[in-house]
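Reviewing the structure listed below.
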Amino acid sequence: MQERNGRQLSRWALLREDIECVLERDPAARTRIEVFCTYPGLHALLIHRFAHGLWGRKAKFTARFVSFLARMVTNIDIHPGATIGRRFFIDHGAGVVIGETAEIGDDVTLYHEVTLGGTSLSKGKRHPTLEDGVLVGAGAKILGPVRVGSRANVGANSVVISDVPAGMTVVGIPGRIVLPPEARRITKHGIDLDHHLMPDPVGKALHCMSERIVQLEARLAALEHRPEGEVECVHCSDPCGTSAAELFQLEETSR
């Protein structure tokens with residue numbers, strides 16, 4: 001049981017909250033009975049609450065064995081020592097790993113293959129802390145005793161190894177903070193953020209640099225009164241003066 005406004009919630013009240021949060025966050029969920037019977041993330045959470053209770057009562061082997069059985073059934077590995085708040089939702093759930101000293105707040109959402117892992121062999125706090133409302137995309141890894149602030153977003157396949165301020169979005173390997181529009185400088189080629197298209201600052205910079213090189217080579221060719229593309233390369237036979245569009249066409253033709 002967990003506290004709510006100074007009083008404890010019953011197990012049934014917690015279960016109702018858990019089911020309702022799935023219906024709110026997953027458009028594929030249709031009915032409460034479907035969620036209760038077929039969602040492994042919900043099953044893993046319910047079993048974890050039981051195992052966590054055993055862990056707190058010093059029945060640690062039994063708690064670990066219960067969590068082991070839960071992993072076999074749900075493909076979700078939650079250490080019984082992990083602390084998890086209310087309305088926690090694991091979507092799909094396959095491959096999720098949550099370490100012993102991980103702390104998860106209320107209204108947190110994880111997608112499949114997320115890892116809340118440790119980076120130290122010493123005992124003590126060595127796993128992440130996720131504050132209220134955090135969303136972690138598929139395949140993301142949050143490693144070490146880092147803190148992800150409330151309402152922060154971690155992009156799919158990102159690797160987070162340092163603290164994330166509240167309300168920010170992190171993408172990339174290693175994770176880089178993407179500032180909100182009002183807090184960053186946006187040029188005509190600037191980076192914008194969509195929920196389904198996470199920006200890659202390094203990839204964007206390389207793309208802009210490549211386009212700039214093409215422009216400079218065209219200007220140099222005009223000054224030297226020679227056609228574009230006639231640039232001899234001592235390293236390989238690639239057409240160094242060919243534009244990015246022509247290279248793309250060559251690639252498509254060869255397929």
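Convention: chains lettered A, B, ... in structure tokens order; per-chain residue numbering from 1; ligands numbered from 1 as shown.
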For Lys125 of chain A, find every residue with an atom within 10 Å (counting only C-alpha atoms), except residues of its own chain fewer than 2 positions away, and show them as number ranges by chain. A: 100-103, 118, 120, 122-123, 127-129, 144-146
Prev. selection, N, CA, C and O atoms, output as a short mmCIF file (atom, residue, chain, number, x, y, z; two decimals), in the first residue's frame:
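See result_36.cif below for the written result:
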data_model
loop_
_atom_site.label_atom_id
_atom_site.label_comp_id
_atom_site.auth_asym_id
_atom_site.auth_seq_id
_atom_site.Cartn_x
_atom_site.Cartn_y
_atom_site.Cartn_z
N GLU A 100 18.62 -2.48 -8.63
CA GLU A 100 18.26 -2.54 -7.21
C GLU A 100 18.01 -1.19 -6.57
O GLU A 100 17.05 -1.00 -5.83
N THR A 101 18.88 -0.21 -6.81
CA THR A 101 18.75 1.07 -6.12
C THR A 101 18.06 2.12 -6.98
O THR A 101 18.13 3.32 -6.67
N ALA A 102 17.41 1.69 -8.05
CA ALA A 102 16.64 2.64 -8.87
C ALA A 102 15.45 3.18 -8.08
O ALA A 102 14.84 2.46 -7.29
N GLU A 103 15.15 4.44 -8.31
CA GLU A 103 13.99 5.08 -7.68
C GLU A 103 13.15 5.72 -8.78
O GLU A 103 13.66 6.51 -9.57
N GLY A 118 23.34 0.22 -13.40
CA GLY A 118 24.39 0.75 -12.56
C GLY A 118 25.73 0.76 -13.28
O GLY A 118 25.93 0.05 -14.26
N SER A 120 28.74 0.94 -11.20
CA SER A 120 29.72 0.75 -10.13
C SER A 120 29.56 -0.64 -9.52
O SER A 120 28.46 -1.19 -9.46
N SER A 122 30.60 -1.10 -6.38
CA SER A 122 30.45 -0.86 -4.95
C SER A 122 28.97 -0.83 -4.57
O SER A 122 28.11 -0.54 -5.39
N LYS A 123 28.70 -1.13 -3.30
CA LYS A 123 27.33 -1.09 -2.82
C LYS A 123 26.90 0.35 -2.60
O LYS A 123 27.70 1.27 -2.64
N HIS A 127 22.13 3.28 -9.12
CA HIS A 127 21.17 3.25 -10.22
C HIS A 127 20.43 4.58 -10.31
O HIS A 127 20.45 5.38 -9.36
N PRO A 128 19.75 4.85 -11.41
CA PRO A 128 19.15 6.17 -11.63
C PRO A 128 17.95 6.46 -10.73
O PRO A 128 17.32 5.56 -10.16
N THR A 129 17.64 7.74 -10.65
CA THR A 129 16.41 8.24 -10.01
C THR A 129 15.60 8.97 -11.06
O THR A 129 16.09 9.91 -11.69
N GLY A 144 23.97 4.64 -14.00
CA GLY A 144 24.59 5.28 -12.86
C GLY A 144 23.60 6.02 -11.99
O GLY A 144 22.41 6.11 -12.31
N PRO A 145 24.09 6.60 -10.88
CA PRO A 145 23.21 7.29 -9.92
C PRO A 145 22.83 8.70 -10.39
O PRO A 145 22.99 9.68 -9.67
N VAL A 146 22.34 8.80 -11.63
CA VAL A 146 21.96 10.10 -12.18
C VAL A 146 20.50 10.38 -11.84
O VAL A 146 19.72 9.48 -11.52
#
Looking only at alpha helix (DSSP H) from DSSP on the backbone, list the matching residues of segment 13-213 of chain A as a ChimeraX atom specification. /A:13-25,32-38,40-56,60-74,201-213
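From atom CA of Asn75 of chain A back to atom CA of His43 of chain A, the distance works out to 10.6 Å.
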Write out as a list in words which residues come within 6 Å of Val108 of chain A when counting only C-alpha atoms, dropping same-chain ones fewer than 6 positions away. Phe88, Gly133, Val134 and Leu135 of chain A
Resulting file, chosen residues, N, CA and C atoms, as a CSV table (one decimal), in the first residue's frame:
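Result written to part.csv:
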chain,number,residue,atom,x,y,z
A,88,PHE,N,2.7,3.8,-12.6
A,88,PHE,CA,3.9,3.4,-13.3
A,88,PHE,C,3.4,2.6,-14.5
A,133,GLY,N,6.6,11.9,-13.7
A,133,GLY,CA,6.2,12.3,-15.0
A,133,GLY,C,7.3,12.1,-16.1
A,134,VAL,N,8.3,11.4,-15.8
A,134,VAL,CA,9.4,11.2,-16.8
A,134,VAL,C,8.9,10.1,-17.8
A,135,LEU,N,9.3,10.4,-19.1
A,135,LEU,CA,9.0,9.4,-20.2
A,135,LEU,C,10.3,9.0,-20.8
Any idea what the distance is between atom CA of Gly81 of chain A and atom CA of Gly105 of chain A?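 Atom-to-atom, atom CA of Gly81 of chain A and atom CA of Gly105 of chain A are spaced 14.6 Å apart.
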Excluding Gly172 of chain A and any residue of its chain fewer than 2 positions from it, enumerate the residues within 9 Å of it, using only C-alpha atoms, and give them as a PyMOL selection string. chain A and resi 155-160+170+174-177+199-202
